[in-house]
Structure formats: structure tokens, C-alpha cells
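Heads up, the thing below is written out as C-alpha cells.
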Amino acid sequence: FTSTLRGVIRHEGLLGLYQGLTPALLASAASWGGYFFFYEGIKTKMMMMSLSEQQQQKQNNKKLSHVENFTAACASGIIMVFLTNPLWLIKTRMQLQMKRIQSSSSSTHTTTTMIHNLGVTKRPYVNLWDAGFTIVREEGVGALYKGVVPALLLVSHGGVQFVSYEYLKGRFGNKSRYSLPKVENGGEKKKIGLLQRLEDSFGYLTMGAASKIIASTTTYPLQVIKSRLQQRSEMIELTEAGDLSVVHRQYKGLMDCMTKIWQKEGITGFFKGNIPNAIRVAPSAAITFVVYEGVMDMLC
């Protein structure tokens, strides 16, 4: 991790750490927003289907099972895969490219010679739109959906995350303001103190981060396979020592990718980058779930 970090800064500068930020922000916003929208809609539909007309009046007391939560989460994930896969593919490619190195104006003579000798002919993407148009022009529209099979398998990530979160919330969140009655006997809305709100927020931060780490670690091999399938067949990448290396990878599909990773890198190849990934996703997931619970509380 540290050697890779130093290598990126040395070859690409500090801005190299933010490559692919635009498609990442767009994809993340669309994925989370759409995911929660469809998740809550599917959950509501599932509850309505299991209740009679009289029982629907008391639907707030109805809770879905872990299997039903998992099904709702997976269904939401499948919808979002088809809507956002092109953005995630562009994000992956822009993050992996060595834009500054491949630019002849900023490369040293030695680096330029190495790139030329090893046959690197594809230019780096300039921005989101350039990446999209270049991919369609060079590889066809279907290329925007490379890695869609492991991405579909990765909907289990959302399922594992939400089942873990719902379990933790049911086990440790029973005394939070979200599970307590919102009105007093007189019909007036209860006032929640600042300290109680902070305690609840900290609890949901912890549960959100824990559920994300569990889901991320469990499904990480699929994430590696998806990224390998989505990357360009010809690229410059950093070695574990932080040096430059030109690689040519061509995978025929999911099984071919799995076989080659296993043969060349072993089991550890499926978990490369797992720790920095967990550090990256846990805080954002924690904050997302706090906001999610707060918004749901206001709407209910």
C-alpha cells in the first residue's frame, strides 16, 4: 500500500490520487440514491403483498425477514448495475491509467523510450466524456458493459451489507430514537435531545461501517475480477515496489480471468487492495446510513 502510494505521487503527482474522481462521484451518487429508492420501494411492495387490507393499516409493525431483506437488496442492486455499469467502467479505467506518464510532454526520455519499445499505443483518456466516446469508438457500445457478470454477482454485496446492517440494528438499535414511538400519549411529537441524537448517530455510524466492512471483505474477489475485466488490455501500471511496468492483459470472460489470477498470483491475488478498499468504503457507508436513517425518520 505505502509503496504504491509513493509510486503514484512520484510518477503522477498528488493529482494522480484523484484520477477518476468525476465518474466516481457521479456513479456513487446515482448508485446510492437509486439503490435506496428501489430498496425502500421493493420492501414496501413486499410488505403490502404479505398483509391483508386491515393489516395494512398497521404496516409499521411489520418487519421483513433476513431473506426478504436480502431479496430486496439484491433486486435493487441488479437494477442499478444496468443503470450505472458504464460509469463504474470509466471510473476504473481512469483510475488505473498513468495519464501523466503516457503524456509525451511530461515523460522523461527514458520513460518515453520504454513506452515506445514495449508497444504502448493507446493514449490516456482526458476526461469522462472523452473516455466514453473513445471506448465506444474503439471497442463498441457493448464495451461499456464489460464486467457486468461479476457486477451482477456483486449484488450479493448489497444483500450481505443490508442483512448485516438490519441484524445489527435489530440487535443493538432497539433503544434508539428510530425504534421508539414518535408521539406521546397526548398526540404531541416527542422531542429528542441533542445528546440522544449524538448517541444514536454514533451507533448508526458504527453499524453502517461494520456492515460495509463485512460485505466488502466477503465479496472482494468479485470486485477484483470485475476490475480486471473492465481495465484496458494494454496499460502502464505500478509494481508492488512502486516501479513502472507495461502489461498486456486479455481476458475471454469470467472463468478465464479467475483461472489466470489463480495461476499467476494465487489466492492473495483475489484480495489485492482489500485493506485500503475497506478503509475507503467504511466511512462513506457509515455516513450514508446515518443520513438514510435520519431522512427515513423525518419522512415517517
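We name chains A, B, ... following the order of the C-alpha cells; residues begin at 1 in each chain, and ligands are numbered from 1 as shown.
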Find the spatial neighbours of stretch 135-139 of chain A, counting only C-alpha atoms, within a cut-off of 12 Å - ignore same-chain residues fewer than 6 positions away - and output them as a PDB file with N, CA and C atoms, in the first residue's frame.
ATOM      1  N   PRO A  86     -21.663   1.544 -17.004  1.00  0.00           N
ATOM      2  CA  PRO A  86     -20.758   2.361 -17.832  1.00  0.00           C
ATOM      3  C   PRO A  86     -19.952   3.377 -17.022  1.00  0.00           C
ATOM      4  N   LEU A  87     -20.581   4.005 -16.035  1.00  0.00           N
ATOM      5  CA  LEU A  87     -19.864   4.980 -15.203  1.00  0.00           C
ATOM      6  C   LEU A  87     -18.771   4.306 -14.379  1.00  0.00           C
ATOM      7  N   LEU A  89     -17.210   1.529 -15.096  1.00  0.00           N
ATOM      8  CA  LEU A  89     -16.149   1.092 -16.002  1.00  0.00           C
ATOM      9  C   LEU A  89     -15.213   2.249 -16.332  1.00  0.00           C
ATOM     10  N   ILE A  90     -15.781   3.401 -16.653  1.00  0.00           N
ATOM     11  CA  ILE A  90     -14.959   4.582 -16.960  1.00  0.00           C
ATOM     12  C   ILE A  90     -14.145   4.996 -15.739  1.00  0.00           C
ATOM     13  N   ARG A  93     -11.143   2.628 -15.367  1.00  0.00           N
ATOM     14  CA  ARG A  93     -10.094   2.857 -16.372  1.00  0.00           C
ATOM     15  C   ARG A  93      -9.335   4.157 -16.114  1.00  0.00           C
ATOM     16  N   MET A  94     -10.040   5.195 -15.699  1.00  0.00           N
ATOM     17  CA  MET A  94      -9.376   6.470 -15.447  1.00  0.00           C
ATOM     18  C   MET A  94      -8.494   6.396 -14.203  1.00  0.00           C
ATOM     19  N   LYS A 122      -1.979   3.168 -27.097  1.00  0.00           N
ATOM     20  CA  LYS A 122      -3.253   3.789 -26.730  1.00  0.00           C
ATOM     21  C   LYS A 122      -3.030   5.017 -25.859  1.00  0.00           C
ATOM     22  N   ARG A 123      -3.631   6.124 -26.250  1.00  0.00           N
ATOM     23  CA  ARG A 123      -3.475   7.366 -25.493  1.00  0.00           C
ATOM     24  C   ARG A 123      -4.359   7.332 -24.240  1.00  0.00           C
ATOM     25  N   PRO A 124      -3.995   8.081 -23.206  1.00  0.00           N
ATOM     26  CA  PRO A 124      -4.823   8.115 -21.990  1.00  0.00           C
ATOM     27  C   PRO A 124      -6.103   8.908 -22.222  1.00  0.00           C
ATOM     28  N   TYR A 125      -7.109   8.631 -21.430  1.00  0.00           N
ATOM     29  CA  TYR A 125      -8.359   9.380 -21.507  1.00  0.00           C
ATOM     30  C   TYR A 125      -8.170  10.754 -20.876  1.00  0.00           C
ATOM     31  N   LEU A 128     -14.102  12.363 -18.508  1.00  0.00           N
ATOM     32  CA  LEU A 128     -15.214  11.420 -18.548  1.00  0.00           C
ATOM     33  C   LEU A 128     -15.792  11.254 -19.940  1.00  0.00           C
ATOM     34  N   TRP A 129     -16.071  12.375 -20.612  1.00  0.00           N
ATOM     35  CA  TRP A 129     -16.712  12.310 -21.917  1.00  0.00           C
ATOM     36  C   TRP A 129     -15.771  11.724 -22.958  1.00  0.00           C
ATOM     37  N   TYR A 145     -20.304  -2.318 -20.983  1.00  0.00           N
ATOM     38  CA  TYR A 145     -20.875  -3.299 -20.051  1.00  0.00           C
ATOM     39  C   TYR A 145     -19.932  -4.463 -19.792  1.00  0.00           C
ATOM     40  N   LYS A 146     -18.645  -4.237 -20.030  1.00  0.00           N
ATOM     41  CA  LYS A 146     -17.655  -5.234 -19.631  1.00  0.00           C
ATOM     42  C   LYS A 146     -17.669  -5.364 -18.108  1.00  0.00           C
ATOM     43  N   GLN A 230     -12.704  -4.964 -16.651  1.00  0.00           N
ATOM     44  CA  GLN A 230     -13.034  -3.623 -17.138  1.00  0.00           C
ATOM     45  C   GLN A 230     -11.830  -2.813 -17.581  1.00  0.00           C
ATOM     46  N   GLN A 231     -10.637  -3.178 -17.125  1.00  0.00           N
ATOM     47  CA  GLN A 231      -9.464  -2.379 -17.470  1.00  0.00           C
ATOM     48  C   GLN A 231      -9.081  -2.563 -18.934  1.00  0.00           C
ATOM     49  N   ARG A 232      -8.276  -1.656 -19.419  1.00  0.00           N
ATOM     50  CA  ARG A 232      -7.809  -1.732 -20.795  1.00  0.00           C
ATOM     51  C   ARG A 232      -6.873  -2.923 -20.969  1.00  0.00           C
ATOM     52  N   SER A 233      -6.848  -3.471 -22.190  1.00  0.00           N
ATOM     53  CA  SER A 233      -5.998  -4.640 -22.445  1.00  0.00           C
ATOM     54  C   SER A 233      -4.518  -4.263 -22.447  1.00  0.00           C
TER      55      SER A 233
END
* Give me the residues within 6 Å of A:Ala215 as a PyMOL selection string, counting only C-alpha atoms and dropping any in the same chain fewer than 4 places off. => chain A and resi 157+160-161
Next, write the just-selected residues to a file, as a PDB file, in the first residue's frame, keeping N, CA, C and O atoms as the atom set.
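Result file follows (again_27.pdb):
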ATOM      1  N   HIS A 157     -23.232  -8.284  -2.571  1.00  0.00           N
ATOM      2  CA  HIS A 157     -22.568  -7.333  -1.665  1.00  0.00           C
ATOM      3  C   HIS A 157     -23.616  -6.487  -0.933  1.00  0.00           C
ATOM      4  O   HIS A 157     -23.587  -6.365   0.295  1.00  0.00           O
ATOM      5  N   VAL A 160     -25.603  -8.748   1.477  1.00  0.00           N
ATOM      6  CA  VAL A 160     -24.863  -9.037   2.707  1.00  0.00           C
ATOM      7  C   VAL A 160     -24.803  -7.792   3.590  1.00  0.00           C
ATOM      8  O   VAL A 160     -24.979  -7.859   4.817  1.00  0.00           O
ATOM      9  N   GLN A 161     -24.580  -6.630   2.967  1.00  0.00           N
ATOM     10  CA  GLN A 161     -24.473  -5.379   3.724  1.00  0.00           C
ATOM     11  C   GLN A 161     -25.776  -5.041   4.443  1.00  0.00           C
ATOM     12  O   GLN A 161     -25.776  -4.713   5.629  1.00  0.00           O
TER      13      GLN A 161
END
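Looking only at stretch 208-284 of chain A, the set that DSSP places in strand (DSSP E or B) from backbone geometry is Glu234, Met235, Ile236, Glu237, Leu238, Leu244, Ser245, Val246, Val247 and His248 of chain A.
Between atom CA of A:Leu64 and atom CA of A:Met47 the interatomic distance comes to 7.2 Å.
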* For A:Phe70, the nearest of the candidates A:Ser201, A:Ser164, A:Thr268, A:Thr259, counting only C-alpha atoms -> A:Ser164
